[in-house]
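Shown here: work-v6.txt, compact mmCIF, C-alpha atoms and all ligand atoms.
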```
# COMPACT_ATOMS: atom_id res chain seq x y z
CA MET D 1 -157.08 -84.86 66.50
CA LYS D 2 -153.90 -82.87 65.90
CA GLY D 3 -153.36 -79.37 67.29
CA LEU D 4 -150.80 -76.66 68.04
CA VAL D 5 -150.06 -75.64 71.64
CA VAL D 6 -150.35 -71.85 71.82
CA ARG D 7 -150.34 -71.28 75.55
CA ASN D 8 -149.50 -73.03 78.79
CA THR D 9 -150.60 -71.78 82.18
CA GLY D 10 -149.84 -74.18 84.97
CA SER D 11 -151.38 -77.51 84.10
CA TRP D 12 -153.63 -76.16 81.33
CA TYR D 13 -152.60 -76.10 77.68
CA THR D 14 -154.50 -74.12 75.07
CA VAL D 15 -154.46 -76.02 71.78
CA LEU D 16 -155.34 -74.51 68.40
CA VAL D 17 -157.19 -77.02 66.22
CA ASP D 18 -158.97 -76.91 62.86
CA ASP D 19 -161.40 -74.07 62.22
CA ASP D 20 -159.43 -71.82 64.57
CA GLN D 21 -160.98 -73.45 67.61
CA LEU D 22 -159.08 -73.15 70.87
CA LEU D 23 -159.37 -76.08 73.29
CA ASP D 24 -158.14 -76.02 76.88
CA CYS D 25 -156.55 -79.38 77.56
CA LYS D 26 -154.64 -81.18 80.29
CA ILE D 27 -152.05 -83.87 80.06
CA LYS D 28 -152.48 -87.29 81.58
CA GLY D 29 -150.41 -88.02 84.70
CA ALA D 30 -148.61 -91.00 83.21
CA PHE D 31 -147.77 -89.05 80.09
CA ARG D 32 -146.05 -86.37 82.16
CA LEU D 33 -143.44 -88.89 83.21
CA LYS D 34 -142.48 -90.00 79.74
CA GLY D 35 -138.75 -89.48 80.28
CA ILE D 36 -138.79 -85.73 79.72
CA ARG D 37 -136.73 -83.86 82.25
CA SER D 38 -137.84 -80.31 81.58
CA THR D 39 -140.13 -78.34 83.86
CA ASN D 40 -142.65 -78.25 81.03
CA PRO D 41 -143.01 -81.53 79.14
CA VAL D 42 -145.25 -79.87 76.56
CA ALA D 43 -144.18 -76.48 75.24
CA VAL D 44 -145.71 -73.64 73.25
CA GLY D 45 -145.12 -74.51 69.61
CA ASP D 46 -145.54 -78.24 70.10
CA TRP D 47 -147.79 -80.15 67.77
CA VAL D 48 -149.81 -82.59 69.84
CA GLU D 49 -152.41 -85.33 69.49
CA ILE D 50 -155.45 -84.68 71.59
CA ASP D 51 -158.46 -86.63 72.70
CA ALA D 52 -161.05 -83.97 71.85
CA ASP D 53 -163.82 -85.55 73.93
CA GLU D 54 -161.87 -85.85 77.14
CA LEU D 55 -159.71 -82.77 76.40
CA PHE D 56 -156.47 -84.56 77.09
CA ILE D 57 -153.16 -84.27 75.26
CA THR D 58 -152.21 -87.85 74.44
CA ASP D 59 -148.96 -87.45 72.47
CA ILE D 60 -146.37 -84.88 71.34
CA CYS D 61 -145.13 -84.95 67.76
CA ASP D 62 -141.33 -84.94 67.36
CA ARG D 63 -139.88 -81.45 67.69
CA ARG D 64 -138.03 -79.91 64.77
CA ASN D 65 -136.06 -77.74 67.19
CA TYR D 66 -136.54 -75.80 70.38
CA ILE D 67 -135.18 -72.97 72.44
CA ILE D 68 -134.28 -74.28 75.84
CA ARG D 69 -132.74 -72.69 78.85
CA LYS D 70 -131.08 -74.37 81.75
CA SER D 71 -131.84 -72.91 85.08
CA ILE D 72 -128.97 -70.81 86.43
CA ASN D 73 -129.27 -72.33 89.88
CA LEU D 74 -128.20 -75.81 90.82
CA SER D 75 -131.54 -77.47 90.20
CA LYS D 76 -130.37 -78.32 86.64
CA GLN D 77 -133.95 -78.17 85.50
CA SER D 78 -134.39 -77.07 81.94
CA GLN D 79 -137.26 -75.19 80.45
CA ILE D 80 -138.35 -75.23 76.85
CA ILE D 81 -139.21 -71.65 75.97
CA ALA D 82 -140.71 -72.54 72.58
CA SER D 83 -140.50 -75.34 70.04
CA ASN D 84 -140.74 -75.78 66.26
CA VAL D 85 -139.73 -72.20 65.54
CA ASP D 86 -138.49 -70.87 62.20
CA GLN D 87 -136.52 -68.05 63.78
CA ALA D 88 -135.76 -66.33 67.07
CA PHE D 89 -135.59 -62.60 67.64
CA LEU D 90 -133.38 -61.61 70.53
CA LEU D 91 -134.25 -58.16 71.84
CA VAL D 92 -131.14 -56.43 73.06
CA THR D 93 -131.04 -53.08 74.86
CA VAL D 94 -127.76 -51.24 75.29
CA SER D 95 -129.37 -49.58 78.31
CA HIS D 96 -132.71 -49.61 80.17
CA PRO D 97 -131.99 -52.42 80.97
CA GLN D 98 -128.46 -53.25 79.88
CA THR D 99 -127.95 -56.49 77.97
CA SER D 100 -124.46 -57.96 78.31
CA THR D 101 -122.51 -59.51 75.47
CA THR D 102 -122.17 -62.68 77.55
CA PHE D 103 -125.94 -62.99 77.60
CA ILE D 104 -126.20 -62.36 73.85
CA ASP D 105 -123.45 -64.88 73.13
CA ARG D 106 -125.00 -67.57 75.29
CA PHE D 107 -128.31 -67.13 73.55
CA LEU D 108 -126.65 -67.27 70.13
CA ALA D 109 -124.63 -70.35 71.06
CA SER D 110 -127.66 -72.27 72.23
CA ALA D 111 -129.60 -71.26 69.12
CA GLU D 112 -126.69 -72.51 66.98
CA ALA D 113 -126.77 -75.80 68.86
CA TYR D 114 -130.45 -76.27 68.07
CA ARG D 115 -130.13 -74.79 64.58
CA VAL D 116 -132.46 -71.87 65.08
CA ALA D 117 -131.78 -68.71 63.04
CA VAL D 118 -131.49 -65.56 65.16
CA VAL D 119 -132.14 -61.91 64.34
CA LEU D 120 -130.82 -59.36 66.84
CA LEU D 121 -133.18 -56.46 67.45
CA PHE D 122 -131.47 -53.55 69.22
CA ASN D 123 -134.48 -51.93 70.83
CA LYS D 124 -135.10 -48.62 72.61
CA THR D 125 -132.84 -46.74 70.23
CA ASP D 126 -134.87 -43.62 71.04
CA LEU D 127 -133.57 -43.66 74.63
CA LEU D 128 -129.86 -43.85 73.85
CA ASN D 129 -127.42 -40.99 74.37
CA GLU D 130 -124.47 -40.41 72.06
CA ASP D 131 -122.12 -42.85 73.82
CA GLU D 132 -124.78 -45.52 73.97
CA LEU D 133 -125.59 -45.08 70.29
CA PHE D 134 -121.91 -45.53 69.55
CA ARG D 135 -121.87 -48.73 71.63
CA GLN D 136 -124.95 -49.99 69.82
CA GLY D 137 -123.26 -49.34 66.49
CA GLU D 138 -120.17 -51.27 67.61
CA LEU D 139 -122.28 -54.24 68.70
CA MET D 140 -124.21 -54.23 65.44
CA LYS D 141 -120.93 -54.19 63.53
CA LEU D 142 -119.60 -57.07 65.62
CA TYR D 143 -122.64 -59.32 65.21
CA SER D 144 -123.39 -58.55 61.61
CA GLY D 145 -119.72 -59.24 60.90
CA ILE D 146 -120.20 -62.73 62.33
CA GLY D 147 -123.24 -63.20 60.10
CA TYR D 148 -126.23 -62.35 62.27
CA GLU D 149 -128.92 -60.06 60.96
CA CYS D 150 -129.10 -56.93 63.15
CA LEU D 151 -131.71 -54.18 63.24
CA ALA D 152 -131.82 -51.02 65.36
CA ILE D 153 -135.43 -50.34 66.30
CA THR D 154 -137.77 -48.40 68.57
CA ALA D 155 -140.74 -50.58 69.42
CA THR D 156 -143.13 -47.67 69.32
CA GLU D 157 -142.15 -46.25 65.91
CA ALA D 158 -144.00 -47.18 62.75
CA SER D 159 -140.86 -47.42 60.60
CA SER D 160 -139.41 -50.02 62.97
CA LEU D 161 -142.62 -52.02 63.00
CA ILE D 162 -142.68 -52.29 59.22
CA GLN D 163 -139.08 -53.54 59.19
CA VAL D 164 -139.86 -56.23 61.72
CA GLN D 165 -143.19 -57.22 60.19
CA THR D 166 -141.65 -58.04 56.83
CA LEU D 167 -139.43 -60.59 58.59
CA LEU D 168 -142.40 -62.36 60.15
CA TYR D 169 -144.12 -63.37 56.96
CA GLY D 170 -145.06 -67.05 56.81
CA LYS D 171 -142.95 -67.99 59.83
CA VAL D 172 -143.14 -68.94 63.49
CA SER D 173 -140.98 -66.42 65.36
CA VAL D 174 -140.10 -66.46 69.02
CA PHE D 175 -139.13 -63.26 70.83
CA SER D 176 -136.75 -63.44 73.75
CA GLY D 177 -134.54 -61.22 75.90
CA HIS D 178 -134.25 -59.81 79.40
CA SER D 179 -137.32 -58.58 81.22
CA GLY D 180 -138.19 -55.02 80.23
CA VAL D 181 -136.51 -54.94 76.83
CA GLY D 182 -139.87 -54.42 75.11
CA LYS D 183 -140.94 -57.82 73.77
CA SER D 184 -144.62 -57.42 74.60
CA THR D 185 -144.67 -53.75 73.58
CA LEU D 186 -143.34 -54.71 70.16
CA LEU D 187 -145.60 -57.74 69.70
CA ASN D 188 -148.75 -55.91 70.71
CA HIS D 189 -148.51 -54.05 67.41
CA PHE D 190 -148.73 -57.30 65.48
CA ILE D 191 -151.59 -59.08 67.23
CA ALA D 192 -155.27 -58.31 66.95
CA GLY D 193 -157.59 -57.61 69.85
CA HIS D 194 -156.09 -58.96 73.01
CA GLN D 195 -153.24 -56.83 74.33
CA GLN D 196 -150.36 -58.23 76.31
CA LYS D 197 -149.55 -56.52 79.57
CA THR D 198 -146.48 -54.28 79.59
CA ALA D 199 -144.92 -52.32 82.44
CA PRO D 200 -142.27 -49.65 83.04
CA LEU D 201 -138.92 -50.65 84.49
CA SER D 202 -138.30 -50.47 88.22
CA GLU D 203 -136.88 -47.02 88.88
CA ALA D 204 -134.49 -48.25 91.52
CA HIS D 205 -132.83 -50.93 89.42
CA ASP D 206 -133.54 -49.92 85.82
CA GLN D 207 -134.72 -53.47 85.21
CA GLY D 208 -137.91 -55.08 83.99
CA MET D 209 -140.64 -56.29 86.33
CA HIS D 210 -141.16 -59.77 84.83
CA THR D 211 -144.52 -58.70 83.51
CA THR D 212 -145.03 -61.59 81.08
CA THR D 213 -145.14 -64.81 83.06
CA PHE D 214 -145.79 -67.51 80.45
CA SER D 215 -145.09 -68.04 76.76
CA GLU D 216 -147.92 -67.47 74.35
CA MET D 217 -148.25 -67.78 70.60
CA PHE D 218 -150.33 -65.35 68.52
CA ARG D 219 -151.31 -65.22 64.89
CA VAL D 220 -149.90 -62.11 63.23
CA ASN D 221 -152.62 -59.72 62.23
CA GLY D 222 -152.81 -58.40 58.68
CA VAL D 223 -153.57 -59.23 55.10
CA ASP D 224 -151.76 -62.40 53.97
CA MET D 225 -150.19 -62.89 57.39
CA GLY D 226 -152.37 -65.96 58.09
CA LYS D 227 -149.54 -68.45 58.46
CA SER D 228 -147.35 -66.12 60.50
CA PHE D 229 -147.10 -66.59 64.25
CA VAL D 230 -145.20 -64.82 67.01
CA ILE D 231 -144.42 -66.15 70.47
CA ASP D 232 -144.06 -63.76 73.38
CA THR D 233 -142.03 -65.14 76.27
CA PRO D 234 -141.20 -64.19 79.85
CA GLY D 235 -137.98 -62.19 80.27
CA ILE D 236 -134.96 -64.30 81.12
CA ARG D 237 -132.39 -63.26 83.68
CA GLY D 238 -129.59 -65.57 82.79
CA PHE D 239 -128.87 -68.26 80.35
CA GLY D 240 -127.19 -71.34 81.74
CA THR D 241 -125.37 -73.62 79.37
CA PHE D 242 -125.83 -77.21 78.39
CA ASP D 243 -124.14 -80.53 78.58
CA PHE D 244 -121.65 -79.75 75.83
CA GLU D 245 -118.29 -81.45 75.57
CA PRO D 246 -115.48 -78.86 75.94
CA GLU D 247 -114.34 -79.26 72.33
CA GLU D 248 -117.93 -78.80 71.20
CA VAL D 249 -118.50 -75.33 72.68
CA GLY D 250 -116.42 -73.72 69.94
CA HIS D 251 -118.79 -75.12 67.30
CA TYR D 252 -121.50 -72.75 68.48
CA PHE D 253 -119.44 -69.59 68.03
CA ARG D 254 -119.47 -69.24 64.26
CA GLU D 255 -116.23 -67.27 63.84
CA ILE D 256 -114.38 -69.41 66.39
CA PHE D 257 -115.53 -72.52 64.58
CA LEU D 258 -114.30 -71.17 61.23
CA GLU D 259 -110.91 -70.30 62.68
CA SER D 260 -110.61 -73.61 64.55
CA THR D 261 -110.23 -75.55 61.30
CA HIS D 262 -106.67 -74.15 61.29
CA CYS D 263 -105.77 -75.29 64.82
CA ARG D 264 -103.03 -77.91 65.04
CA PHE D 265 -105.14 -80.28 67.15
CA SER D 266 -108.62 -81.29 66.13
CA ASN D 267 -109.78 -81.43 69.77
CA CYS D 268 -108.23 -78.03 70.57
CA THR D 269 -110.09 -76.14 73.32
CA HIS D 270 -108.43 -72.84 72.26
CA THR D 271 -107.14 -72.10 75.74
CA HIS D 272 -103.44 -73.09 75.90
CA GLU D 273 -102.68 -75.44 73.01
CA PRO D 274 -99.70 -74.79 70.76
CA GLY D 275 -100.62 -74.01 67.17
CA CYS D 276 -104.06 -72.70 68.16
CA ALA D 277 -105.42 -70.54 65.34
CA VAL D 278 -108.21 -69.15 67.52
CA LEU D 279 -105.82 -67.71 70.12
CA CYS D 280 -103.86 -66.19 67.28
CA ALA D 281 -107.00 -64.61 65.79
CA VAL D 282 -107.95 -63.17 69.19
CA GLU D 283 -104.50 -61.62 69.53
CA GLU D 284 -104.73 -60.15 66.06
CA GLY D 285 -108.19 -58.74 66.83
CA LYS D 286 -109.87 -60.88 64.16
CA ILE D 287 -112.02 -62.48 66.86
CA ALA D 288 -113.54 -60.05 69.37
CA MET D 289 -112.28 -60.33 72.93
CA SER D 290 -115.88 -60.19 74.24
CA ARG D 291 -116.80 -63.23 72.14
CA TYR D 292 -113.72 -65.12 73.27
CA GLN D 293 -114.54 -64.28 76.90
CA SER D 294 -118.08 -65.58 76.46
CA TYR D 295 -116.63 -68.73 74.98
CA LEU D 296 -114.32 -69.11 78.00
CA SER D 297 -117.18 -68.51 80.40
CA MET D 298 -119.16 -71.33 78.80
CA LEU D 299 -116.16 -73.61 79.01
CA GLY D 300 -115.78 -72.54 82.64
CA ASP D 301 -119.33 -73.62 83.46
CA LYS D 302 -118.42 -77.01 82.24
CA GLU D 303 -115.27 -77.25 84.34
CA GLU D 304 -116.94 -76.04 87.47
CA ASN D 305 -119.97 -78.16 86.68
CA ARG D 306 -122.28 -75.40 87.66
CA TYR D 307 -124.25 -72.62 86.11
CA ARG D 308 -123.29 -69.03 86.66
CA ALA D 309 -125.70 -66.41 87.78
CA ALA D 310 -126.85 -63.20 86.20
CA TYR D 311 -125.65 -62.92 82.65
N1 LIG V 401 -138.73 -45.46 75.03
C1 LIG V 401 -139.01 -46.72 74.72
N2 LIG V 401 -139.65 -47.50 75.62
C2 LIG V 401 -139.92 -48.76 75.27
C3 LIG V 401 -139.54 -49.31 74.01
N3 LIG V 401 -139.93 -50.60 73.98
C4 LIG V 401 -140.52 -50.86 75.16
N4 LIG V 401 -140.51 -49.75 75.95
C5 LIG V 401 -141.03 -49.64 77.33
O1 LIG V 401 -140.29 -50.54 78.15
C6 LIG V 401 -141.11 -51.05 79.20
C7 LIG V 401 -141.05 -52.57 79.25
O2 LIG V 401 -141.66 -53.09 78.09
P1 LIG V 401 -142.35 -54.53 78.03
O3 LIG V 401 -142.90 -54.67 76.65
O4 LIG V 401 -143.26 -54.73 79.18
O5 LIG V 401 -141.07 -55.47 78.20
P2 LIG V 401 -140.99 -57.07 78.09
O6 LIG V 401 -139.74 -57.37 77.36
O7 LIG V 401 -142.24 -57.63 77.55
O8 LIG V 401 -140.78 -57.48 79.64
P3 LIG V 401 -141.20 -58.86 80.42
O9 LIG V 401 -142.60 -59.20 80.05
O10 LIG V 401 -141.05 -58.49 81.85
O11 LIG V 401 -140.20 -59.88 79.99
C8 LIG V 401 -142.50 -50.50 78.94
O12 LIG V 401 -142.68 -49.36 79.75
C9 LIG V 401 -142.47 -50.07 77.48
O13 LIG V 401 -143.34 -49.02 77.19
C10 LIG V 401 -138.86 -48.44 73.09
O14 LIG V 401 -138.46 -48.83 71.98
N5 LIG V 401 -138.62 -47.18 73.50
MG MG V 402 -143.58 -59.00 78.33
ZN ZN V 403 -107.48 -73.82 68.92
```
Just give me the structure of the file as structure tokens.
Ligand SMILES: Nc1nc2c(ncn2[C@@H]2O[C@H](COP(=O)(O)OP(=O)(O)OP(=O)(O)O)[C@@H](O)[C@H]2O)c(=O)[nH]1
Ligand SMILES: [Mg+2]
Ligand SMILES: [Zn+2]
Amino acid sequence: MKGLVVRNTGSWYTVLVDDDQLLDCKIKGAFRLKGIRSTNPVAVGDWVEIDADELFITDICDRRNYIIRKSINLSKQSQIIASNVDQAFLLVTVSHPQTSTTFIDRFLASAEAYRVAVVLLFNKTDLLNEDELFRQGELMKLYSGIGYECLAITATEASSLIQVQTLLYGKVSVFSGHSGVGKSTLLNHFIAGHQQKTAPLSEAHDQGMHTTTFSEMFRVNGVDMGKSFVIDTPGIRGFGTFDFEPEEVGHYFREIFLESTHCRFSNCTHTHEPGCAVLCAVEEGKIAMSRYQSYLSMLGDKEENRYRAAY
């Protein structure tokens, strides 16, 4: 029997099967070792084959895509946050807590690599002072200029909810971002019954409390929303990079990639090469310095062969 993994807590997987039945399944020991090096061999969003009598997952169907994050410490373990998604929403907060452009850019680059469309939701607009609103506007200009859809929202306001809901129709959407940016608060408006836990930020650090501890998929509530699903995820601190080749990193920064077609060398790393069109565009202000710095920081990970903390 085929089913959709909607939740994973420790060694238990909740699988949605025909007739809206939810089955709690395990995976067989041998299956766990099937050459998958992530901390979670089966992820929320996976389609799986199950043995419905024994309640075992026996196989995973090929993934269309996934959002993965490499641990920022040296363990080099990776974790699949969600798989088979139609789009990702990255919640960004200019403050409470602050989301850095490096973090945004790393998320966007990894989504590009796995061909997942991203919408940037600038949340907690209601809390921003004049300077912060200005900063939010600048960021929205920057990212919409590159081609990403950007929305300024307040997770508790009806007008924001309607804007987000229209984007969910008929799709599987994963919501990600730092702890405390409001993922669960926002998603609670779209799911029936069961409410996800939410919590205020720590007063001392103005950061989230890692309230959500595992990914979970919910059907979106509402007329005609039957085939629409959202996935709430635990807040991520940092976003390590992947095993990219240096000349590949530029492919995942859309505007850098576009410019790079004019570089003299096809394997240009856009750091020191003569005739580099990207360096030229940075100097002219056509490519934002913050984006170029994020690009360099991802290249740097590669050179140092380690993952950096706390973006
Ligand atoms: N003022 C304001 N507060 C918000 C908004 N969105 C969320 N919050 C508050 O921010 C706090 C954190 O929200 P959560 O929904 O728990 O954040 P989360 O992203 O799910 O955090 P983790 O589960 O830890 O990853 C809660 O106190 C929310 O009420 C918003 O748009 N405006
Ligand atoms: Mg949460
Ligand atoms: Zn170049």
If you count all atoms listed in the file, which residues end up within 6 Å of ligand LIG 401 (chain V), as a PDB file with C-alpha atoms, keeping the file's coordinate frame?
```
ATOM      1  CA  ASN D 123    -134.480 -51.930  70.830  1.00  0.00           C
ATOM      2  CA  LYS D 124    -135.100 -48.620  72.610  1.00  0.00           C
ATOM      3  CA  ASP D 126    -134.870 -43.620  71.040  1.00  0.00           C
ATOM      4  CA  LEU D 127    -133.570 -43.660  74.630  1.00  0.00           C
ATOM      5  CA  THR D 154    -137.770 -48.400  68.570  1.00  0.00           C
ATOM      6  CA  ALA D 155    -140.740 -50.580  69.420  1.00  0.00           C
ATOM      7  CA  THR D 156    -143.130 -47.670  69.320  1.00  0.00           C
ATOM      8  CA  HIS D 178    -134.250 -59.810  79.400  1.00  0.00           C
ATOM      9  CA  SER D 179    -137.320 -58.580  81.220  1.00  0.00           C
ATOM     10  CA  GLY D 180    -138.190 -55.020  80.230  1.00  0.00           C
ATOM     11  CA  VAL D 181    -136.510 -54.940  76.830  1.00  0.00           C
ATOM     12  CA  GLY D 182    -139.870 -54.420  75.110  1.00  0.00           C
ATOM     13  CA  LYS D 183    -140.940 -57.820  73.770  1.00  0.00           C
ATOM     14  CA  SER D 184    -144.620 -57.420  74.600  1.00  0.00           C
ATOM     15  CA  THR D 185    -144.670 -53.750  73.580  1.00  0.00           C
ATOM     16  CA  THR D 198    -146.480 -54.280  79.590  1.00  0.00           C
ATOM     17  CA  ALA D 199    -144.920 -52.320  82.440  1.00  0.00           C
ATOM     18  CA  PRO D 200    -142.270 -49.650  83.040  1.00  0.00           C
ATOM     19  CA  LEU D 201    -138.920 -50.650  84.490  1.00  0.00           C
ATOM     20  CA  GLY D 208    -137.910 -55.080  83.990  1.00  0.00           C
ATOM     21  CA  MET D 209    -140.640 -56.290  86.330  1.00  0.00           C
ATOM     22  CA  HIS D 210    -141.160 -59.770  84.830  1.00  0.00           C
ATOM     23  CA  THR D 211    -144.520 -58.700  83.510  1.00  0.00           C
ATOM     24  CA  THR D 212    -145.030 -61.590  81.080  1.00  0.00           C
ATOM     25  CA  PRO D 234    -141.200 -64.190  79.850  1.00  0.00           C
ATOM     26  CA  GLY D 235    -137.980 -62.190  80.270  1.00  0.00           C
TER      27      GLY D 235
END
```
Exercise for the section: Could you check how far atom CA of D:Ile57 sits from atom CA of D:Val230, in Å to one decimal? Expected result: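 These two atoms are separated by 22.6 Å.
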Problem - Exercise: residues within 8 Å of coordinate (-119.7, -70.5, 73.6), counting all atoms listed in the file, as JSON, numbers by chain - result: {"D": [105, 106, 109, 249, 250, 251, 252, 253, 291, 294, 295, 296, 297, 298, 299]}
Would you save the residues of that selection, restricted to C-alpha atoms, as a PDB file, keeping the file's coordinate frame?
```
ATOM      1  CA  ASP D 105    -123.450 -64.880  73.130  1.00  0.00           C
ATOM      2  CA  ARG D 106    -125.000 -67.570  75.290  1.00  0.00           C
ATOM      3  CA  ALA D 109    -124.630 -70.350  71.060  1.00  0.00           C
ATOM      4  CA  VAL D 249    -118.500 -75.330  72.680  1.00  0.00           C
ATOM      5  CA  GLY D 250    -116.420 -73.720  69.940  1.00  0.00           C
ATOM      6  CA  HIS D 251    -118.790 -75.120  67.300  1.00  0.00           C
ATOM      7  CA  TYR D 252    -121.500 -72.750  68.480  1.00  0.00           C
ATOM      8  CA  PHE D 253    -119.440 -69.590  68.030  1.00  0.00           C
ATOM      9  CA  ARG D 291    -116.800 -63.230  72.140  1.00  0.00           C
ATOM     10  CA  SER D 294    -118.080 -65.580  76.460  1.00  0.00           C
ATOM     11  CA  TYR D 295    -116.630 -68.730  74.980  1.00  0.00           C
ATOM     12  CA  LEU D 296    -114.320 -69.110  78.000  1.00  0.00           C
ATOM     13  CA  SER D 297    -117.180 -68.510  80.400  1.00  0.00           C
ATOM     14  CA  MET D 298    -119.160 -71.330  78.800  1.00  0.00           C
ATOM     15  CA  LEU D 299    -116.160 -73.610  79.010  1.00  0.00           C
TER      16      LEU D 299
END
```
Problem - d(atom CA of D:Val15, atom CA of D:Ile27) in Å - result: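 Computing it gives 11.7 Å between the two atoms.
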Determine, using only C-alpha atoms and all ligand atoms, which residues of chain D have any atom at most 6 Å from an atom of ligand ZN 403 (chain V), and tabulate each with its shortest atom pair and distance in Å to one decimal place, rows ordered by chain and then rising number, as JSON lines.
```
{"residue": "D:Ser260", "atom": "CA", "partner": "V:ZN403", "partner_atom": "ZN", "distance": 5.4}
{"residue": "D:Cys263", "atom": "CA", "partner": "V:ZN403", "partner_atom": "ZN", "distance": 4.7}
{"residue": "D:Cys268", "atom": "CA", "partner": "V:ZN403", "partner_atom": "ZN", "distance": 4.6}
{"residue": "D:Thr269", "atom": "CA", "partner": "V:ZN403", "partner_atom": "ZN", "distance": 5.6}
{"residue": "D:His270", "atom": "CA", "partner": "V:ZN403", "partner_atom": "ZN", "distance": 3.6}
{"residue": "D:Cys276", "atom": "CA", "partner": "V:ZN403", "partner_atom": "ZN", "distance": 3.7}
{"residue": "D:Ala277", "atom": "CA", "partner": "V:ZN403", "partner_atom": "ZN", "distance": 5.3}
{"residue": "D:Val278", "atom": "CA", "partner": "V:ZN403", "partner_atom": "ZN", "distance": 4.9}
```
Problem - Point-to-point distance in Å for atom CA of D:Thr93 and atom CA of D:Glu203 - result: 16.4 Å
Practice task
Rank nothing, just name the residue among D:Lys141, D:Glu283, D:Glu247, D:Lys2 nearest to D:Ser266, using all atoms listed in the file.
Solution key: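 That would be D:Glu247, the residue with the smallest distance to D:Ser266.
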For the point (-149.9, -69.4, 57.6) in file coordinates, what residues are within 9 Å, counting only C-alpha atoms? Give the answer as an mmCIF file with C-alpha atoms, in the coordinates of the input?
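Output (selection-v8.cif):
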```
data_model
loop_
_atom_site.group_PDB
_atom_site.id
_atom_site.type_symbol
_atom_site.label_atom_id
_atom_site.label_comp_id
_atom_site.auth_asym_id
_atom_site.auth_seq_id
_atom_site.Cartn_x
_atom_site.Cartn_y
_atom_site.Cartn_z
ATOM 1 C CA TYR D 169 -144.120 -63.370 56.960
ATOM 2 C CA GLY D 170 -145.060 -67.050 56.810
ATOM 3 C CA LYS D 171 -142.950 -67.990 59.830
ATOM 4 C CA VAL D 172 -143.140 -68.940 63.490
ATOM 5 C CA ARG D 219 -151.310 -65.220 64.890
ATOM 6 C CA ASP D 224 -151.760 -62.400 53.970
ATOM 7 C CA MET D 225 -150.190 -62.890 57.390
ATOM 8 C CA GLY D 226 -152.370 -65.960 58.090
ATOM 9 C CA LYS D 227 -149.540 -68.450 58.460
ATOM 10 C CA SER D 228 -147.350 -66.120 60.500
ATOM 11 C CA PHE D 229 -147.100 -66.590 64.250
#
```
Practice task
Extract, using only C-alpha atoms, all DNA, RNA and protein residues at most 8 Å from D:Val85, discarding same-chain residues fewer than 6 positions from it, and format them as a list of chain:residue names.
Solution key: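 Within the cut-off, the hits are D:Gly45, D:Arg64, D:Asn65, D:Tyr66, D:Val116, D:Lys171, D:Val172, D:Ser173, D:Val174.
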Handout entry: Residues within 9 Å of D:Ala152, only C-alpha atoms, excluding chain neighbours under 3 positions, as a list in words
Key =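 Listing them by chain and then by number gives Leu120, Leu121, Phe122, Asn123, Lys124, Thr125, Gln136, Gly137, Met140 and Ser160 of chain D.
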Handout entry: Given all atoms listed in the file as the counted atoms, nearest of D:Leu4, D:Ile67, D:Val92, D:Met289 to D:Ile50
Key =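 Looking at the shortest contact to D:Ile50, the residue is D:Leu4.
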